[in-house]
file upload-v2.txt (compact mmCIF, C-alpha atoms)
# COMPACT_ATOMS: atom_id res chain seq x y z
CA MET O 1 115.19 97.71 90.32
CA ASP O 2 117.15 95.42 87.98
CA ASN O 3 116.32 92.50 90.27
CA ARG O 4 112.89 90.98 89.64
CA VAL O 5 112.14 90.29 93.30
CA GLY O 6 113.43 93.69 94.38
CA LEU O 7 111.34 95.40 91.70
CA ASN O 8 108.19 93.61 92.84
CA LEU O 9 108.84 94.53 96.47
CA LEU O 10 109.42 98.20 95.66
CA TYR O 11 106.32 98.26 93.46
CA ALA O 12 104.12 96.65 96.12
CA GLN O 13 105.47 99.03 98.78
CA THR O 14 104.81 102.09 96.60
CA VAL O 15 101.24 100.98 95.81
CA SER O 16 100.60 100.29 99.50
CA ASP O 17 101.98 103.66 100.64
CA ILE O 18 99.84 105.51 98.09
CA ASP O 19 96.71 103.57 99.09
CA ARG O 20 97.32 104.38 102.78
CA GLY O 21 97.89 108.06 102.07
CA TRP O 22 101.53 107.93 103.16
CA ILE O 23 102.55 109.29 99.75
CA LEU O 24 100.71 112.44 98.67
CA VAL O 25 99.21 112.25 95.16
CA ASN O 26 97.15 114.83 93.28
CA LYS O 27 94.53 113.95 90.67
CA ASP O 28 96.84 114.31 87.68
CA GLN O 29 99.56 112.19 89.31
CA HIS O 30 96.98 109.60 90.30
CA ARG O 31 95.82 109.39 86.68
CA GLN O 32 99.40 108.88 85.45
CA LEU O 33 100.05 106.21 88.07
CA LYS O 34 96.86 104.36 87.20
CA SER O 35 97.81 104.39 83.50
CA LEU O 36 101.27 102.97 84.24
CA GLN O 37 99.72 100.36 86.53
CA GLU O 38 97.32 99.23 83.82
CA LYS O 39 100.23 98.89 81.38
CA GLY O 40 102.24 96.87 83.92
CA SER O 41 105.07 99.42 83.79
CA LYS O 42 106.43 98.82 87.26
CA LYS O 43 109.75 100.64 86.83
CA GLU O 44 108.08 103.75 85.42
CA PHE O 45 105.47 103.56 88.19
CA ILE O 46 108.18 103.53 90.86
CA ARG O 47 110.18 106.29 89.17
CA LEU O 48 107.10 108.52 89.14
CA GLY O 49 106.45 107.57 92.76
CA GLN O 50 109.98 108.68 93.68
CA THR O 51 109.09 112.23 92.62
CA LEU O 52 106.10 112.40 94.97
CA LYS O 53 106.08 113.93 98.43
CA TYR O 54 106.85 111.50 101.28
CA PHE O 55 108.02 108.69 99.00
CA GLY O 56 109.99 106.24 101.13
CA TYR O 57 108.80 107.69 104.45
CA ILE O 58 107.44 105.67 107.37
CA LYS O 59 104.37 107.35 108.84
CA PHE O 60 103.69 106.83 112.55
CA ASP O 61 100.45 106.98 114.49
CA PRO O 62 99.27 110.36 115.83
CA CYS O 63 101.10 111.30 119.03
CA VAL O 64 102.10 114.31 121.16
CA THR O 65 105.12 116.63 121.09
CA ASP O 66 106.40 119.64 122.99
CA PHE O 67 107.40 121.48 119.80
CA PRO O 68 106.63 124.23 118.99
CA GLU O 69 104.44 124.22 122.10
CA LYS O 70 103.87 121.69 124.84
CA GLY O 71 100.99 119.28 124.27
CA CYS O 72 100.76 119.68 120.49
CA HIS O 73 99.29 116.78 118.54
CA VAL O 74 101.56 115.63 115.73
CA ILE O 75 101.97 113.03 113.01
CA VAL O 76 105.64 112.08 112.64
CA SER O 77 107.12 110.60 109.47
CA ALA O 78 110.68 109.31 109.06
CA GLY O 79 112.52 109.33 105.75
CA ASN O 80 114.93 111.19 103.47
CA ASN O 81 117.30 111.73 106.41
CA GLU O 82 114.75 113.67 108.46
CA LEU O 83 111.84 113.51 110.88
CA ASN O 84 108.85 115.31 109.40
CA PHE O 85 106.30 116.90 111.75
CA GLN O 86 102.69 117.68 110.83
CA VAL O 87 101.62 119.61 113.91
CA LYS O 88 98.22 120.74 115.13
CA LEU O 89 98.78 123.87 117.22
CA PRO O 90 96.60 124.76 120.23
CA ASN O 91 94.81 127.36 118.06
CA GLU O 92 93.79 124.49 115.70
CA GLN O 93 96.19 125.71 112.98
CA MET O 94 98.11 123.02 111.08
CA LYS O 95 101.84 123.44 110.46
CA GLU O 96 104.56 121.26 108.95
CA GLY O 97 108.30 121.16 109.51
CA SER O 98 111.30 118.85 109.24
CA PHE O 99 114.20 118.02 111.54
CA LYS O 100 117.32 116.90 109.66
CA VAL O 101 119.18 113.92 111.11
CA THR O 102 122.46 115.68 110.32
CA ARG O 103 121.62 118.40 112.84
CA MET O 104 120.68 116.09 115.72
CA ARG O 105 123.46 115.98 118.29
CA CYS O 106 121.99 112.97 120.10
CA TRP O 107 118.71 111.30 121.00
CA ARG O 108 117.35 109.02 123.69
CA VAL O 109 114.31 106.85 124.43
CA THR O 110 112.90 106.85 127.96
CA SER O 111 110.05 104.97 129.60
CA SER O 112 108.02 105.74 132.69
CA GLN O 113 104.97 104.37 134.42
CA VAL O 114 101.98 106.67 134.62
CA PRO O 115 98.72 106.04 136.51
CA VAL O 116 95.54 105.44 134.52
CA VAL O 117 92.66 107.63 135.71
CA ASN O 118 89.16 107.03 134.33
CA GLY O 119 90.52 105.03 131.44
CA SER O 120 93.15 107.55 130.37
CA SER O 121 96.73 108.27 131.40
CA SER O 122 97.35 110.95 133.97
CA PRO O 123 99.73 113.66 132.74
CA THR O 124 101.44 113.70 136.15
CA PRO O 125 103.56 110.62 136.92
CA GLY O 126 103.07 109.16 140.35
CA PRO O 127 103.03 105.93 142.35
CA CYS O 128 100.69 103.30 141.01
CA SER O 129 100.03 99.60 141.08
CA SER O 130 100.86 97.46 138.05
CA ALA O 131 97.13 96.91 137.40
CA LYS O 132 96.47 100.66 137.13
CA CYS O 133 99.55 101.80 135.29
CA GLU O 134 100.70 102.00 131.72
CA VAL O 135 104.13 102.57 130.25
CA LYS O 136 104.77 105.93 128.59
CA LEU O 137 107.53 105.99 125.97
CA GLU O 138 109.27 109.17 124.88
CA LEU O 139 111.79 109.92 122.14
CA ALA O 140 113.79 113.10 122.77
CA PHE O 141 116.44 114.52 120.46
CA GLU O 142 118.75 117.51 120.86
CA TYR O 143 118.56 119.65 117.76
CA LEU O 144 120.68 122.49 116.43
CA MET O 145 118.01 125.16 115.94
CA SER O 146 120.38 127.98 115.10
CA LYS O 147 123.98 129.03 115.64
CA ASP O 148 125.07 128.09 119.17
CA ARG O 149 121.53 127.07 120.17
CA LEU O 150 120.58 123.48 120.86
CA GLN O 151 117.08 122.52 121.97
CA TRP O 152 115.52 119.28 123.13
CA VAL O 153 112.40 118.16 121.26
CA THR O 154 110.31 115.40 122.83
CA ILE O 155 107.82 113.03 121.18
CA THR O 156 105.51 110.97 123.38
CA SER O 157 104.48 107.87 121.44
CA PRO O 158 104.11 104.09 121.91
CA GLN O 159 106.22 103.87 118.72
CA ALA O 160 109.17 105.81 120.18
CA ILE O 161 111.50 102.80 119.90
CA MET O 162 110.64 102.33 116.23
CA MET O 163 111.31 106.04 115.63
CA SER O 164 114.71 105.63 117.27
CA ILE O 165 115.51 102.64 115.06
CA CYS O 166 114.62 104.70 111.98
CA LEU O 167 116.95 107.49 113.14
CA GLN O 168 119.76 104.98 113.69
CA SER O 169 119.23 103.45 110.25
CA MET O 170 119.36 106.84 108.54
CA VAL O 171 122.57 107.75 110.40
CA ASP O 172 124.14 104.39 109.49
CA GLU O 173 123.37 104.91 105.80
CA LEU O 174 124.73 108.47 105.85
CA MET O 175 127.96 107.28 107.48
CA VAL O 176 128.38 104.48 104.93
CA LYS O 177 127.72 106.80 101.96
CA LYS O 178 130.04 109.44 103.40
CA SER O 179 132.88 106.95 103.65
CA GLY O 180 132.24 105.67 100.12
CA GLY O 181 131.05 102.29 101.33
CA SER O 182 128.22 100.06 100.15
CA ILE O 183 124.75 99.90 101.72
CA LYS O 184 124.54 96.25 100.65
CA LYS O 185 127.72 95.41 102.59
CA MET O 186 126.43 97.31 105.61
CA LEU O 187 123.15 95.36 105.58
CA ARG O 188 125.03 92.09 105.11
CA LYS O 189 127.27 92.90 108.08
CA ARG O 190 124.24 93.82 110.18
CA HIS O 191 122.56 90.54 109.21
CA ASN O 192 125.61 88.42 110.00
CA GLY O 193 126.16 89.86 113.45
CA PRO O 194 125.01 92.52 115.89
CA LEU O 195 126.72 95.89 116.06
CA HIS O 196 129.34 96.15 118.77
CA ARG O 197 128.11 98.03 121.81
CA SER O 198 130.75 100.75 121.49
CA GLU O 199 129.90 101.35 117.82
CA SER O 200 126.19 101.47 118.52
CA GLN O 201 126.57 103.91 121.40
CA GLN O 202 128.83 106.15 119.37
CA ALA O 203 126.35 106.32 116.50
CA VAL O 204 123.38 107.03 118.79
CA LYS O 205 125.07 109.61 120.99
CA SER O 206 126.89 111.63 118.37
CA PRO O 207 125.46 111.44 114.84
CA PRO O 208 127.97 113.53 112.84
CA LEU O 209 127.08 116.53 110.75
CA LEU O 210 127.60 115.23 107.24
CA ASP O 211 127.46 116.44 103.68
CA SER O 212 124.27 115.46 101.89
CA PRO O 213 124.76 112.26 99.85
CA ASP O 214 122.06 113.37 97.41
CA PRO O 215 123.27 116.01 94.92
CA ASN O 216 119.68 116.79 93.92
CA ARG O 217 118.82 118.08 97.38
CA ASP O 218 120.07 121.24 99.04
CA GLN O 219 123.56 120.42 100.23
CA ILE O 220 123.98 119.98 103.95
CA VAL O 221 127.49 121.14 104.72
CA LYS O 222 129.48 120.86 107.89
CA LEU O 223 128.69 123.03 110.87
CA SER O 224 131.78 125.16 110.38
CA THR O 225 130.63 126.10 106.87
CA LYS O 226 126.91 126.78 106.99
CA LEU O 227 123.82 126.35 109.16
CA SER O 228 120.16 126.49 108.27
CA SER O 229 117.16 126.94 110.53
CA VAL O 230 114.21 124.63 111.07
CA SER O 231 110.95 126.11 109.96
CA LEU O 232 107.30 125.19 110.16
CA ARG O 233 105.28 125.95 107.07
CA GLY O 234 101.63 125.77 106.17
CA ILE O 235 100.40 122.40 104.92
CA SER O 236 98.82 122.37 101.48
CA ALA O 237 95.56 120.59 100.84
CA SER O 238 95.75 116.88 100.14
CA ASN O 239 93.23 114.57 98.55
CA SER O 240 94.28 111.85 100.98
CA ALA O 241 91.58 110.99 103.46
CA ASN O 242 94.16 109.69 105.89
CA ASP O 243 96.19 112.90 105.91
CA ILE O 244 95.54 115.36 108.71
CA SER O 245 95.59 118.34 106.37
CA GLY O 246 92.14 119.15 105.07
CA ASN O 247 92.50 122.79 104.13
CA ASP O 248 95.10 125.15 102.74
CA PHE O 249 96.87 126.98 105.56
CA HIS O 250 98.96 130.08 105.10
CA GLY O 251 101.65 131.84 107.11
CA ASN O 252 104.95 130.74 108.58
CA TYR O 253 106.20 129.76 111.98
CA ALA O 254 109.96 129.99 111.59
CA PHE O 255 113.14 130.44 113.53
CA GLU O 256 115.42 133.22 112.38
CA GLY O 257 117.64 131.91 109.59
CA ILE O 258 121.40 132.20 109.52
CA GLY O 259 123.16 133.25 106.34
CA ASP O 260 126.75 132.86 105.23
CA ASP O 261 127.49 136.45 106.24
CA ASP O 262 126.59 135.71 109.85
CA LEU O 263 129.31 133.09 110.24
call {"tool": "encode", "arguments": {"input": "upload-v2.txt", "output": "structure tokens"}}
result
Amino acid sequence: MDNRVGLNLLYAQTVSDIDRGWILVNKDQHRQLKSLQEKGSKKEFIRLGQTLKYFGYIKFDPCVTDFPEKGCHVIVSAGNNELNFQVKLPNEQMKEGSFKVTRMRCWRVTSSQVPVVNGSSSPTPGPCSSAKCEVKLELAFEYLMSKDRLQWVTITSPQAIMMSICLQSMVDELMVKKSGGSIKKMLRKRHNGPLHRSESQQAVKSPPLLDSPDPNRDQIVKLSTKLSSVSLRGISASNSANDISGNDFHGNYAFEGIGDDDL
């Protein structure tokens, strides 16, 4: 933020994300942000924005997932080294959960042609002509749910490739921070030339389980030391009109956690 152009870009991005409802803001926070905006205090505005939920996340269009049940509607967000799910269950209940990049063993993007019946895609793939077909994209990742249990989670979305790029970027940054390198140098190297095929495949197929680079967050330690479970929790009410949560939901949908004594 010491660079004038960088500061302006970060400020414009933060304002845009708040306006679109990508960053959740309550009334008191909105009042503070408006006051800082009126004073022209861009750095303070951004610093306050950094404390808000979903700051720095990319929010994708509504799509479909098979977790926790097949055919669930979901809004996926990517950021803070995780994929965040806001899921609408078949019983109309809303739940939220996060999948940490450090616990993804691998991921893949697949495409298939599905017939269009009465203006909508058929759930069952089959032979079709090019005029009556559309391409279905899926992002699937293998996730460490608990000790010795991996599970594939699939997202069906036209933005599956963009989701995959976000995953790759988060893994790249984690690897650079872990090795003590510079993000600026990594971006410069990426700009000057494409990643070698072998390096790209290695990063996509086997993202390593790393320590968390952020000391303010719960530390993510290596698999041999500690595991944590993924959990879905109730979504609190939001004043954002674009957010799928409209009420306060209670209760948990969680996998059994693993403590230090279990390992």
call {"tool": "residues_around", "arguments": {"input": "upload-v2.txt", "residues": "region 149-156 of chain O", "least_positions_apart": "3", "cutoff": "8 Å", "atoms": "all atoms listed in the file", "output": "JSON, numbers by chain"}}
result
{"O": [63, 64, 65, 66, 67, 136, 137, 138, 139, 140, 141, 142, 143, 144, 145, 146, 160]}
call {"tool": "residues_near_point", "arguments": {"input": "upload-v2.txt", "point": "(106.1, 105.6, 109.5)", "cutoff": "10 Å", "atoms": "all atoms listed in the file", "output": "short mmCIF file (atom, residue, chain, number, x, y, z; two decimals) with C-alpha atoms, in the frame of the given file"}}
result
data_model
loop_
_atom_site.label_atom_id
_atom_site.label_comp_id
_atom_site.auth_asym_id
_atom_site.auth_seq_id
_atom_site.Cartn_x
_atom_site.Cartn_y
_atom_site.Cartn_z
CA ASP O 17 101.98 103.66 100.64
CA TRP O 22 101.53 107.93 103.16
CA GLY O 56 109.99 106.24 101.13
CA TYR O 57 108.80 107.69 104.45
CA ILE O 58 107.44 105.67 107.37
CA LYS O 59 104.37 107.35 108.84
CA PHE O 60 103.69 106.83 112.55
CA ASP O 61 100.45 106.98 114.49
CA ILE O 75 101.97 113.03 113.01
CA VAL O 76 105.64 112.08 112.64
CA SER O 77 107.12 110.60 109.47
CA ALA O 78 110.68 109.31 109.06
CA GLY O 79 112.52 109.33 105.75
CA LEU O 83 111.84 113.51 110.88
CA GLN O 159 106.22 103.87 118.72
CA MET O 162 110.64 102.33 116.23
CA MET O 163 111.31 106.04 115.63
CA CYS O 166 114.62 104.70 111.98
#
call {"tool": "atom_distance", "arguments": {"input": "upload-v2.txt", "atom1": "CA of Met170 (chain O)", "atom2": "CA of Tyr11 (chain O)"}}
result
21.7 Å
call {"tool": "closest_residue", "arguments": {"input": "upload-v2.txt", "among": "O:Cys72, O:Leu48, O:Leu167, O:Leu89", "to": "Met104 (chain O)", "atoms": "all atoms listed in the file"}}
result
O:Leu167
call {"tool": "atom_distance", "arguments": {"input": "upload-v2.txt", "atom1": "CA of Glu82 (chain O)", "atom2": "CA of Val171 (chain O)"}}
result
10.0 Å
call {"tool": "closest_residue", "arguments": {"input": "upload-v2.txt", "among": "O:Val109, O:Met186, O:Val176, O:Val74", "to": "Gln93 (chain O)", "atoms": "only C-alpha atoms"}}
result
O:Val74
call {"tool": "atom_distance", "arguments": {"input": "upload-v2.txt", "atom1": "CA of Asn3 (chain O)", "atom2": "CA of Leu187 (chain O)"}}
result
17.0 Å
call {"tool": "closest_residue", "arguments": {"input": "upload-v2.txt", "among": "O:Ala12, O:Phe55, O:Cys106, O:Gln29", "to": "Ser164 (chain O)", "atoms": "all atoms listed in the file"}}
result
O:Cys106
call {"tool": "closest_residue", "arguments": {"input": "upload-v2.txt", "among": "O:Thr51, O:Gln86, O:Asn81, O:Gln168", "to": "Arg108 (chain O)", "atoms": "only C-alpha atoms"}}
result
O:Gln168
call {"tool": "residues_around", "arguments": {"input": "upload-v2.txt", "residues": "Leu36 (chain O)", "least_positions_apart": "4", "cutoff": "12 Å", "atoms": "only C-alpha atoms", "output": "PyMOL selection string"}}
result
chain O and resi 11+15+29-32+40-49
